[in-house]
Amino acid sequence: MESVATVVDEAAGGALPASALTLQRQRAHGLIAKAPAARVRALFDALEVAPQASAVRPSDIGLLMVRGRVGGSGGAFNLGELPVARAAVRLADGPVGVGYVAGRDTGHAELAALADAMIQSPAWEALLETQVLTPLEADHAHRQIETGRKAAATKVDFFTLVRTRSEP
Amino acid sequence: MSEITNVAINLADVTPGFADPVFESQAVFRAILDAMAHPGTVTSLPSSLYPPVPHFQAQAEVALTMLDFETPVFVDAALGRDSLHNWLRFHCGCPVTENPAEAAFAFVGASTMPLLADFNQGDPKYPDRSTTVVIGCEALTGGAAQWLEGPGIAGRIWASPSGLPETFWAQMVANREMFPLGVDVILADETSVIALPRTVRVIDPAAEQEQ
């Protein structure tokens, strides 16, 4: 099992403190990790030209310990283990991308890594933005509205209940 | 140790590791096991690796096979420390240290290595916690020959690695005297290794003739 610190290191890609590129990469990591793998795959399959990429490290699956904290001041505890797939790829023109997604789908992680590498390449960045990230962002917004709508439908108003409490 | 480990890994110059980590590291592990069981014997490693720095082929294979998140690693500054730190941390997830006495494994060059006594010698309760020192040599033959004796050697055999510091064999004698403490040594050239575990007894042929 890898330490959490290593994961954070790689995802940050040496670009600390947060630069505009880091923020862009974080956004892409978030969008791809949250989207269903099939949807991400479909968007990449639909690209007319895809970049040539080679694996820096074969994609693999491991466990991460997710740590939690109750409130802002509680002590940290181990919430549970989360299976995580990860990948690292290098594009033919240089940049290295890393991808981490929850679950056991290494293909999903490879696409996340590919996207991370494409963002860092001036030649591919625009294509990724228009063909992959923008649709995923729309999906994400749609999912949020949908979840909100479903949650709103179950809302119960308690204003009719009057507290009746007998005096002792 | 924590200061370096908290620095983000620079991925720009990280070269690939084993293409098939499970089977390739098993094959290398088996070769290292054989080498350790037969001290002084040149054992070739199955090589299919593009090393991160020049002349690091066999050492790189040992590294990818042996290191993980529990093994602090010391890397000799002369080998190209920054790119090796990046490479080892990316592929093995190992902590790196600049203090030889903290290291579980050390990767050093023959001409620039610290003294063997500077590494972790183990604890009387846990002698296995000493450092394993992997030394990159010019070649594993052609140097001044030494007799080796000890467990795993039938009678005695010659070892003649070249490029080691003059005091190296004296350090190995001192290392043997501390048994069961002491470091284990692996000598590596581009493709092969010689293991010198702490059990090996070194006999200088010149000293023997005088007796």
# chains A, B, ... in the order shown; residues from 1 in each chain; ligands from 1
$ select_by_dssp --residues "chain A" --states "helix (DSSP H, G or I)" --output "ChimeraX atom specification"
/A:4-12,20-34,37-45,106-119,122-153
$ residues_around --residues "stretch 36-41 of chain B" --least-positions-apart "4" --cutoff "12 Å" --atoms "only C-alpha atoms" --output "ChimeraX atom specification"
/B:29-32,132,140-141,145-161,184-188,192-202
$ select_by_dssp --residues "stretch 62-167 of chain B" --states "strand (DSSP E or B)" --output "list in words"
Val73, Phe74, Val75, Val96, Thr97, Phe105, Ala106, Phe107, Val108, Gly109, Thr132, Val133, Val134, Ile135, Gly136, Ala139, Gln146, Trp147, Leu148, Glu149, Ile157, Trp158, Ala159 and Ser162 of chain B
$ write_last_selection --atoms "N, CA and C atoms" --output "PDB file, in the first residue's frame"
ATOM      1  N   VAL B  73      16.335   4.822   1.963  1.00  0.00           N
ATOM      2  CA  VAL B  73      17.412   4.600   1.000  1.00  0.00           C
ATOM      3  C   VAL B  73      18.412   5.737   1.063  1.00  0.00           C
ATOM      4  N   PHE B  74      19.688   5.377   1.050  1.00  0.00           N
ATOM      5  CA  PHE B  74      20.759   6.364   0.945  1.00  0.00           C
ATOM      6  C   PHE B  74      21.344   6.270  -0.463  1.00  0.00           C
ATOM      7  N   VAL B  75      21.493   7.418  -1.126  1.00  0.00           N
ATOM      8  CA  VAL B  75      22.100   7.433  -2.448  1.00  0.00           C
ATOM      9  C   VAL B  75      23.325   8.324  -2.407  1.00  0.00           C
ATOM     10  N   VAL B  96      13.738   8.552   1.323  1.00  0.00           N
ATOM     11  CA  VAL B  96      15.172   8.698   1.054  1.00  0.00           C
ATOM     12  C   VAL B  96      15.800   9.424   2.234  1.00  0.00           C
ATOM     13  N   THR B  97      17.068   9.134   2.474  1.00  0.00           N
ATOM     14  CA  THR B  97      17.755   9.743   3.604  1.00  0.00           C
ATOM     15  C   THR B  97      19.147  10.179   3.174  1.00  0.00           C
ATOM     16  N   PHE B 105      18.862   0.408   2.744  1.00  0.00           N
ATOM     17  CA  PHE B 105      19.633   0.093   1.540  1.00  0.00           C
ATOM     18  C   PHE B 105      20.427   1.328   1.161  1.00  0.00           C
ATOM     19  N   ALA B 106      21.618   1.110   0.616  1.00  0.00           N
ATOM     20  CA  ALA B 106      22.432   2.234   0.164  1.00  0.00           C
ATOM     21  C   ALA B 106      22.946   1.916  -1.234  1.00  0.00           C
ATOM     22  N   PHE B 107      22.903   2.910  -2.118  1.00  0.00           N
ATOM     23  CA  PHE B 107      23.406   2.749  -3.483  1.00  0.00           C
ATOM     24  C   PHE B 107      24.540   3.752  -3.656  1.00  0.00           C
ATOM     25  N   VAL B 108      25.756   3.211  -3.810  1.00  0.00           N
ATOM     26  CA  VAL B 108      26.931   4.074  -3.818  1.00  0.00           C
ATOM     27  C   VAL B 108      27.853   3.670  -4.964  1.00  0.00           C
ATOM     28  N   GLY B 109      28.750   4.596  -5.324  1.00  0.00           N
ATOM     29  CA  GLY B 109      29.771   4.305  -6.324  1.00  0.00           C
ATOM     30  C   GLY B 109      31.031   3.823  -5.627  1.00  0.00           C
ATOM     31  N   THR B 132      22.046  -2.755   3.761  1.00  0.00           N
ATOM     32  CA  THR B 132      22.614  -3.522   2.652  1.00  0.00           C
ATOM     33  C   THR B 132      23.199  -2.513   1.675  1.00  0.00           C
ATOM     34  N   VAL B 133      24.508  -2.595   1.467  1.00  0.00           N
ATOM     35  CA  VAL B 133      25.201  -1.593   0.665  1.00  0.00           C
ATOM     36  C   VAL B 133      25.420  -2.141  -0.748  1.00  0.00           C
ATOM     37  N   VAL B 134      24.862  -1.469  -1.742  1.00  0.00           N
ATOM     38  CA  VAL B 134      25.010  -1.901  -3.129  1.00  0.00           C
ATOM     39  C   VAL B 134      26.011  -0.968  -3.803  1.00  0.00           C
ATOM     40  N   ILE B 135      27.163  -1.529  -4.160  1.00  0.00           N
ATOM     41  CA  ILE B 135      28.279  -0.711  -4.656  1.00  0.00           C
ATOM     42  C   ILE B 135      28.437  -0.919  -6.163  1.00  0.00           C
ATOM     43  N   GLY B 136      28.402   0.158  -6.903  1.00  0.00           N
ATOM     44  CA  GLY B 136      28.605   0.083  -8.346  1.00  0.00           C
ATOM     45  C   GLY B 136      30.093   0.070  -8.658  1.00  0.00           C
ATOM     46  N   ALA B 139      34.049  -3.046 -12.899  1.00  0.00           N
ATOM     47  CA  ALA B 139      33.923  -4.418 -13.390  1.00  0.00           C
ATOM     48  C   ALA B 139      34.036  -5.355 -12.207  1.00  0.00           C
ATOM     49  N   GLN B 146      41.276 -11.470  -4.067  1.00  0.00           N
ATOM     50  CA  GLN B 146      41.233 -11.808  -2.644  1.00  0.00           C
ATOM     51  C   GLN B 146      40.633 -13.203  -2.522  1.00  0.00           C
ATOM     52  N   TRP B 147      41.144 -13.962  -1.547  1.00  0.00           N
ATOM     53  CA  TRP B 147      40.486 -15.221  -1.225  1.00  0.00           C
ATOM     54  C   TRP B 147      39.259 -14.945  -0.363  1.00  0.00           C
ATOM     55  N   LEU B 148      38.182 -15.671  -0.619  1.00  0.00           N
ATOM     56  CA  LEU B 148      37.003 -15.574   0.241  1.00  0.00           C
ATOM     57  C   LEU B 148      36.704 -16.959   0.812  1.00  0.00           C
ATOM     58  N   GLU B 149      36.303 -16.963   2.084  1.00  0.00           N
ATOM     59  CA  GLU B 149      35.904 -18.202   2.760  1.00  0.00           C
ATOM     60  C   GLU B 149      34.629 -17.935   3.523  1.00  0.00           C
ATOM     61  N   ILE B 157      37.218 -19.296  -2.633  1.00  0.00           N
ATOM     62  CA  ILE B 157      37.221 -18.861  -4.030  1.00  0.00           C
ATOM     63  C   ILE B 157      37.862 -17.487  -4.133  1.00  0.00           C
ATOM     64  N   TRP B 158      38.233 -17.138  -5.369  1.00  0.00           N
ATOM     65  CA  TRP B 158      38.781 -15.827  -5.675  1.00  0.00           C
ATOM     66  C   TRP B 158      37.639 -14.850  -5.962  1.00  0.00           C
ATOM     67  N   ALA B 159      37.858 -13.600  -5.548  1.00  0.00           N
ATOM     68  CA  ALA B 159      37.037 -12.509  -6.067  1.00  0.00           C
ATOM     69  C   ALA B 159      37.979 -11.386  -6.448  1.00  0.00           C
ATOM     70  N   SER B 162      37.084  -4.738  -9.624  1.00  0.00           N
ATOM     71  CA  SER B 162      38.030  -3.633  -9.816  1.00  0.00           C
ATOM     72  C   SER B 162      37.354  -2.302  -9.531  1.00  0.00           C
TER      73      SER B 162
END
$ atom_distance --atom1 "atom CA of A:Ala141" --atom2 "atom CA of A:Ile32"
13.4 Å
$ closest_residue --among "B:Leu181, B:Leu164, B:Leu67, B:Leu45" --to "B:Gln121" --atoms "only C-alpha atoms"
B:Leu181
$ closest_residue --among "A:Pro95, A:Gly75, A:Pro51, A:Gly62" --to "chain B" --atoms "only C-alpha atoms"
A:Pro95
$ atom_distance --atom1 "atom CA of B:Glu190" --atom2 "atom CA of B:Gln26"
19.0 Å
$ closest_atom_pairs --of "chain B" --to "chain A" --cutoff "9 Å" --atoms "only C-alpha atoms" --output "tab-separated table"
residue	atom	partner	partner_atom	distance
B:Thr5	CA	A:Thr6	CA	8.4
B:Asn6	CA	A:Ala5	CA	7.4
B:Val7	CA	A:Asp9	CA	7.2
B:Ala8	CA	A:Asp9	CA	4.5
B:Ile9	CA	A:Gly14	CA	5.8
B:Asn10	CA	A:Gly14	CA	5.3
B:Leu11	CA	A:Val96	CA	6.4
B:Ala12	CA	A:Val96	CA	6.5
B:Val14	CA	A:Val56	CA	7.6
B:Thr15	CA	A:Val56	CA	6.5
B:Pro16	CA	A:Val56	CA	4.4
B:Gly17	CA	A:Arg57	CA	6.3
B:Phe18	CA	A:Arg57	CA	7.7
B:Ala19	CA	A:Pro58	CA	6.7
B:Asp20	CA	A:Pro58	CA	7.5
B:Pro21	CA	A:Pro58	CA	7.9
B:Asp68	CA	A:Glu2	CA	8.8
B:Phe69	CA	A:Glu2	CA	6.9
B:Arg89	CA	A:Thr6	CA	8.1
B:Phe90	CA	A:Glu10	CA	8.0
B:His91	CA	A:Arg57	CA	7.3
B:Gly93	CA	A:Thr6	CA	6.6
$ residues_around --residues "B:Thr71" --least-positions-apart "5" --cutoff "8 Å" --atoms "only C-alpha atoms" --output "PyMOL selection string"
chain B and resi 94-95+103-105
$ write_last_selection --atoms "C-alpha atoms" --output "mmCIF file, in the first residue's frame"
data_model
loop_
_atom_site.group_PDB
_atom_site.id
_atom_site.type_symbol
_atom_site.label_atom_id
_atom_site.label_comp_id
_atom_site.auth_asym_id
_atom_site.auth_seq_id
_atom_site.Cartn_x
_atom_site.Cartn_y
_atom_site.Cartn_z
ATOM 1 C CA CYS B 94 10.576 4.582 -0.619
ATOM 2 C CA PRO B 95 11.722 7.265 1.806
ATOM 3 C CA ALA B 103 19.434 3.595 5.547
ATOM 4 C CA ALA B 104 18.069 0.089 5.015
ATOM 5 C CA PHE B 105 19.633 0.093 1.540
#
$ residues_around --residues "B:Pro165" --least-positions-apart "6" --cutoff "10 Å" --atoms "only C-alpha atoms" --output "number ranges by chain"
B: 110-113, 115, 171
$ residues_around --residues "A:Ala102" --least-positions-apart "5" --cutoff "10 Å" --atoms "only C-alpha atoms" --output "ChimeraX atom specification"
/A:33-34,61-64,82-86,108-109
$ atom_distance --atom1 "atom CA of A:Ala92" --atom2 "atom CA of A:Gln26"
22.4 Å
